[in-house]
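Participant: My structure is below; once you've seen it, I'll send some questions.
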Amino acid sequence: MLKLIAYTKEGELVEDTSLDPLKTRDDIRWYWIDFDRPSQEETDLLDSYFHFHPLAIEDCIHDLQRPKMDYYEDHTLIVIHAIDAKTLKKQEIDIFFGEDFIITYHKSELPMMNHVMRMVKKEQPQWEEYYVLHYIFDLVVDNYFPIIYAIEDHINELEDNTQNLSIDKLLEQLFERRSELLTMRQTIHPMRDLLYRILNSHHLDGMKQGKEYFADVHDHLIKLADVIASNRDLTQDIRDSYLSLTSHQQNKTMQVLTVISVIFMPLTFIAGVYGMNFENMPELDEPYAYPLVWFIMIALSVAMIIWFKKKGWFD
């Protein structure tokens, strides 16, 4: 559906769910149209009514584009990404920006757009469409923070292992968090670069009126990028720690098995010698041969254990 709000030259608010006010009134100072999950007929208006550049319309229809800004003769196309907090799927928002209008286009439901409309109608901005553009950017970026902080909290839980998970389960969840951080980085870094281009653009003359607001959003994106980088480093440190712990445990296990094997090697040798079926073995005729062999075997075992203990193998 279409949602239109506009302000006349006298400051009157105009609302509609069609383009009728633009067709019947000539006192519109600026307007905002939100294409919310538009039908094909509504999408065709981008060409038939607004006459946007074909490449801009193509980028708008074929998502997902990378966050970017393209200049055309009488309008600018800005592509940004919102993130679904539950699925971490990217939700593209295409913004057509002109001298006296802003048109937003998104195929998924975005409650934040309704919130922006309410705020615009409530505050009646003085710098008009740039105010709307800032509000959209600000809400999109603000919604990144709880997602990043939730991932960070989960990473801290994995570091402390509060749930006493196995190493395999910990590593599995750790790699999932790294994948989520990578997804967020693939959105936040292009958004940061986009804000930098907007702040330094010579095509958006009205930007000078609210440049400090966009600079604030850019600062938020820099902070988010730093948080993502630090958390990825933390996950790498945790991963290395767990892998080192696993390797240490394997080494300890191998050490115990080696000690047992070494202790049994001379015992196996003695048992093998006296297990041979030769007739002329004089020790077999001795009355104390059997307990003597047991004594030698036990003494060897005890001596080897004491020797290993002195060597620190049991520490």
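To be explicit about the labels: the chains of the structure tokens are called A, B, and onward in the order shown, and within each one the residues are counted from 1, while ligands get numbers from 1 in the order they are shown.
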Within 12 Å of A:Tyr144, counting only C-alpha atoms, which residues qualify if same-chain residues fewer than 3 places away don't, as a PyMOL selection string?

Facilitator: chain A and resi 81-86+88+90+137-141+147-151+181+183-185+187-188+191+217+220-221+223-225+227-228

Participant: Which residues are close to A:Ser108, i.e. within 10 Å by only C-alpha atoms, leaving aside same-chain residues fewer than 6 positions away? Reply as a list in words.

Facilitator: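 So, after excluding close chain neighbours, the residues are Asp36, Arg37, Pro38, Lys90, Gln91, Glu92 and Ile93 of chain A.
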
Participant: Rounded to one decimal in Å, what is the spacing between atom CA of A:Gln255 and atom CA of A:Ile167?

Facilitator: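 Separation between atom CA of A:Gln255 and atom CA of A:Ile167: 20.5 Å.
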
Participant: I'd like the interatomic distance between atom CA of A:Phe96 and atom CA of A:Leu77, to a tenth of an Å.

Facilitator: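 Calculated distance between atom CA of A:Phe96 and atom CA of A:Leu77 is 4.8 Å.
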
Participant: Considering only C-alpha atoms, return as a PyMOL selection string whatever protein or nucleic-acid residues lie within 12 Å of stretch 244-253 of chain A, sequence-local ones (same chain, fewer than 2 positions apart) excluded.

Facilitator: chain A and resi 166-168+170-171+237-242+255-260+313-315

Participant: Go through A:Pro67, A:Cys60, A:Arg192, A:Glu172 one by one, measure the shortest atom-to-atom distance of each to A:Asp47 using only C-alpha atoms, and give the residue with the smallest value.

Facilitator: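 Smallest separation from A:Asp47 among the options: A:Cys60.
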
Participant: Might you pull out every residue within 12 Å of stretch 8-19 of chain A, with only C-alpha atoms counted and same-chain residues fewer than 2 positions away left off, and present them as number ranges by chain?

Facilitator: A: 1-6, 21-36, 38, 42, 45-46, 49-50, 100, 117-118, 120-126, 128

Participant: Of the candidates A:Ser39, A:Thr235, A:Glu279, A:Asp142, which shows the shortest atom-to-atom distance to A:Asp219, using only C-alpha atoms?

Facilitator: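 Closest to A:Asp219 of all the choices is A:Asp142.
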
Participant: Separation of atom CA of A:Glu109 and atom CA of A:Gln40, in Å?

Facilitator: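 Result for atom CA of A:Glu109 versus atom CA of A:Gln40: 16.3 Å, one decimal.
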
Participant: With the cut-off set at 9 Å and counting only C-alpha atoms, tabulate each residue of stretch 260-287 of chain A with an atom at most that distance from an atom of stretch 298-308 of chain A, showing the nearest atom pair and its distance in Å to one decimal, ordered by chain and increasing number, as a tab-separated table.

Facilitator:
```
residue	atom	partner	partner_atom	distance
A:Val262	CA	A:Met304	CA	8.6
A:Ile263	CA	A:Ser301	CA	5.9
A:Phe264	CA	A:Ser301	CA	7.8
A:Pro266	CA	A:Leu300	CA	7.8
A:Leu267	CA	A:Ser301	CA	8.1
```

Participant: Go ahead and write the residues just picked, N, CA, C and O atoms, as a tab-separated table (two decimals), in the first residue's frame.

Facilitator:
```
chain	number	residue	atom	x	y	z
A	262	VAL	N	54.08	-48.35	29.33
A	262	VAL	CA	55.49	-48.56	29.71
A	262	VAL	C	55.60	-49.48	30.92
A	262	VAL	O	56.50	-50.31	31.01
A	263	ILE	N	54.67	-49.33	31.88
A	263	ILE	CA	54.70	-50.19	33.07
A	263	ILE	C	54.45	-51.65	32.69
A	263	ILE	O	55.09	-52.57	33.22
A	264	PHE	N	53.54	-51.85	31.76
A	264	PHE	CA	53.20	-53.23	31.40
A	264	PHE	C	54.17	-53.86	30.40
A	264	PHE	O	54.13	-55.07	30.19
A	266	PRO	N	57.62	-54.42	30.57
A	266	PRO	CA	58.47	-55.49	31.16
A	266	PRO	C	57.64	-56.64	31.72
A	266	PRO	O	58.09	-57.80	31.68
A	267	LEU	N	56.43	-56.33	32.23
A	267	LEU	CA	55.59	-57.41	32.75
A	267	LEU	C	55.15	-58.33	31.61
A	267	LEU	O	55.12	-59.56	31.76
```

Participant: Of the candidates A:Glu180, A:Glu286, A:Glu159, A:Asp94, which one gets nearest to A:His62 if we count only C-alpha atoms?

Facilitator: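 Of the candidates, the smallest distance to A:His62 is held by A:Asp94.
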
Participant: Could you please write out, as a VMD selection string, every residue of stretch 108-146 of chain A that DSSP assigns to alpha helix (DSSP H)?

Facilitator: chain A and resid 111 to 123 129 to 142 144 to 146

Participant: Take the residues just selected and output them with N, CA, C and O atoms as a compact mmCIF listing (two decimals), in the first residue's frame.

Facilitator:
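Final output, saved to again-v4.txt:
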```txt
# COMPACT_ATOMS: atom_id res chain seq x y z
N PRO A 111 7.88 -1.80 10.93
CA PRO A 111 7.15 -0.93 11.87
C PRO A 111 7.84 0.40 12.10
O PRO A 111 7.19 1.39 12.43
N MET A 112 9.16 0.43 11.93
CA MET A 112 9.89 1.67 12.18
C MET A 112 9.44 2.79 11.24
O MET A 112 9.49 3.97 11.59
N MET A 113 8.97 2.44 10.05
CA MET A 113 8.54 3.47 9.10
C MET A 113 7.28 4.16 9.61
O MET A 113 7.13 5.38 9.45
N ASN A 114 6.37 3.39 10.23
CA ASN A 114 5.19 4.01 10.83
C ASN A 114 5.59 4.94 11.97
O ASN A 114 4.99 6.01 12.16
N HIS A 115 6.61 4.52 12.72
CA HIS A 115 7.08 5.36 13.82
C HIS A 115 7.66 6.67 13.30
O HIS A 115 7.41 7.75 13.85
N VAL A 116 8.42 6.59 12.20
CA VAL A 116 9.00 7.79 11.61
C VAL A 116 7.88 8.73 11.14
O VAL A 116 7.95 9.94 11.35
N MET A 117 6.86 8.16 10.52
CA MET A 117 5.74 9.00 10.05
C MET A 117 5.06 9.71 11.22
O MET A 117 4.70 10.89 11.12
N ARG A 118 4.86 8.99 12.32
CA ARG A 118 4.24 9.62 13.49
C ARG A 118 5.11 10.76 14.01
O ARG A 118 4.59 11.83 14.38
N MET A 119 6.42 10.54 14.06
CA MET A 119 7.32 11.58 14.56
C MET A 119 7.35 12.79 13.64
O MET A 119 7.39 13.94 14.09
N VAL A 120 7.34 12.53 12.33
CA VAL A 120 7.36 13.64 11.36
C VAL A 120 6.09 14.48 11.50
O VAL A 120 6.14 15.71 11.50
N LYS A 121 4.94 13.80 11.64
CA LYS A 121 3.68 14.53 11.78
C LYS A 121 3.62 15.28 13.11
O LYS A 121 3.02 16.35 13.20
N LYS A 122 4.25 14.73 14.12
CA LYS A 122 4.20 15.35 15.45
C LYS A 122 5.09 16.58 15.53
O LYS A 122 4.71 17.62 16.07
N GLU A 123 6.30 16.48 14.98
CA GLU A 123 7.29 17.54 15.17
C GLU A 123 7.30 18.57 14.05
O GLU A 123 7.89 19.65 14.20
N GLU A 129 12.53 17.08 4.09
CA GLU A 129 12.85 15.71 3.68
C GLU A 129 14.17 15.21 4.27
O GLU A 129 14.35 14.02 4.48
N TYR A 130 15.11 16.10 4.55
CA TYR A 130 16.36 15.67 5.18
C TYR A 130 16.12 15.18 6.60
O TYR A 130 16.81 14.31 7.10
N TYR A 131 15.12 15.76 7.24
CA TYR A 131 14.75 15.34 8.57
C TYR A 131 14.22 13.91 8.53
O TYR A 131 14.55 13.08 9.39
N VAL A 132 13.39 13.61 7.53
CA VAL A 132 12.86 12.26 7.36
C VAL A 132 13.99 11.28 7.09
O VAL A 132 14.05 10.19 7.68
N LEU A 133 14.90 11.66 6.20
CA LEU A 133 16.03 10.79 5.87
C LEU A 133 16.86 10.48 7.11
O LEU A 133 17.26 9.33 7.34
N HIS A 134 17.11 11.51 7.93
CA HIS A 134 17.88 11.28 9.16
C HIS A 134 17.14 10.34 10.11
O HIS A 134 17.73 9.45 10.70
N TYR A 135 15.83 10.56 10.27
CA TYR A 135 15.07 9.71 11.17
C TYR A 135 15.13 8.25 10.75
O TYR A 135 15.24 7.33 11.58
N ILE A 136 15.03 7.99 9.45
CA ILE A 136 15.09 6.62 8.95
C ILE A 136 16.46 6.02 9.25
O ILE A 136 16.57 4.89 9.78
N PHE A 137 17.52 6.75 8.91
CA PHE A 137 18.86 6.26 9.20
C PHE A 137 19.05 6.01 10.69
O PHE A 137 19.62 4.99 11.10
N ASP A 138 18.58 6.95 11.50
CA ASP A 138 18.79 6.86 12.95
C ASP A 138 18.11 5.62 13.53
O ASP A 138 18.71 4.89 14.33
N LEU A 139 16.86 5.37 13.13
CA LEU A 139 16.14 4.20 13.66
C LEU A 139 16.77 2.89 13.18
O LEU A 139 16.88 1.93 13.94
N VAL A 140 17.16 2.85 11.90
CA VAL A 140 17.78 1.64 11.37
C VAL A 140 19.06 1.31 12.13
O VAL A 140 19.29 0.16 12.55
N VAL A 141 19.90 2.32 12.35
CA VAL A 141 21.17 2.09 13.04
C VAL A 141 20.95 1.79 14.51
O VAL A 141 21.61 0.93 15.09
N ASP A 142 19.99 2.47 15.15
CA ASP A 142 19.70 2.20 16.56
C ASP A 142 19.25 0.77 16.77
O ASP A 142 19.53 0.17 17.83
N TYR A 144 20.41 -1.75 15.32
CA TYR A 144 21.57 -2.64 15.27
C TYR A 144 22.11 -2.91 16.67
O TYR A 144 22.63 -4.00 16.95
N PHE A 145 22.02 -1.93 17.55
CA PHE A 145 22.67 -2.03 18.86
C PHE A 145 22.18 -3.22 19.68
O PHE A 145 23.00 -4.00 20.19
N PRO A 146 20.84 -3.40 19.89
CA PRO A 146 20.43 -4.55 20.70
C PRO A 146 20.83 -5.89 20.10
O PRO A 146 21.09 -6.85 20.83
```
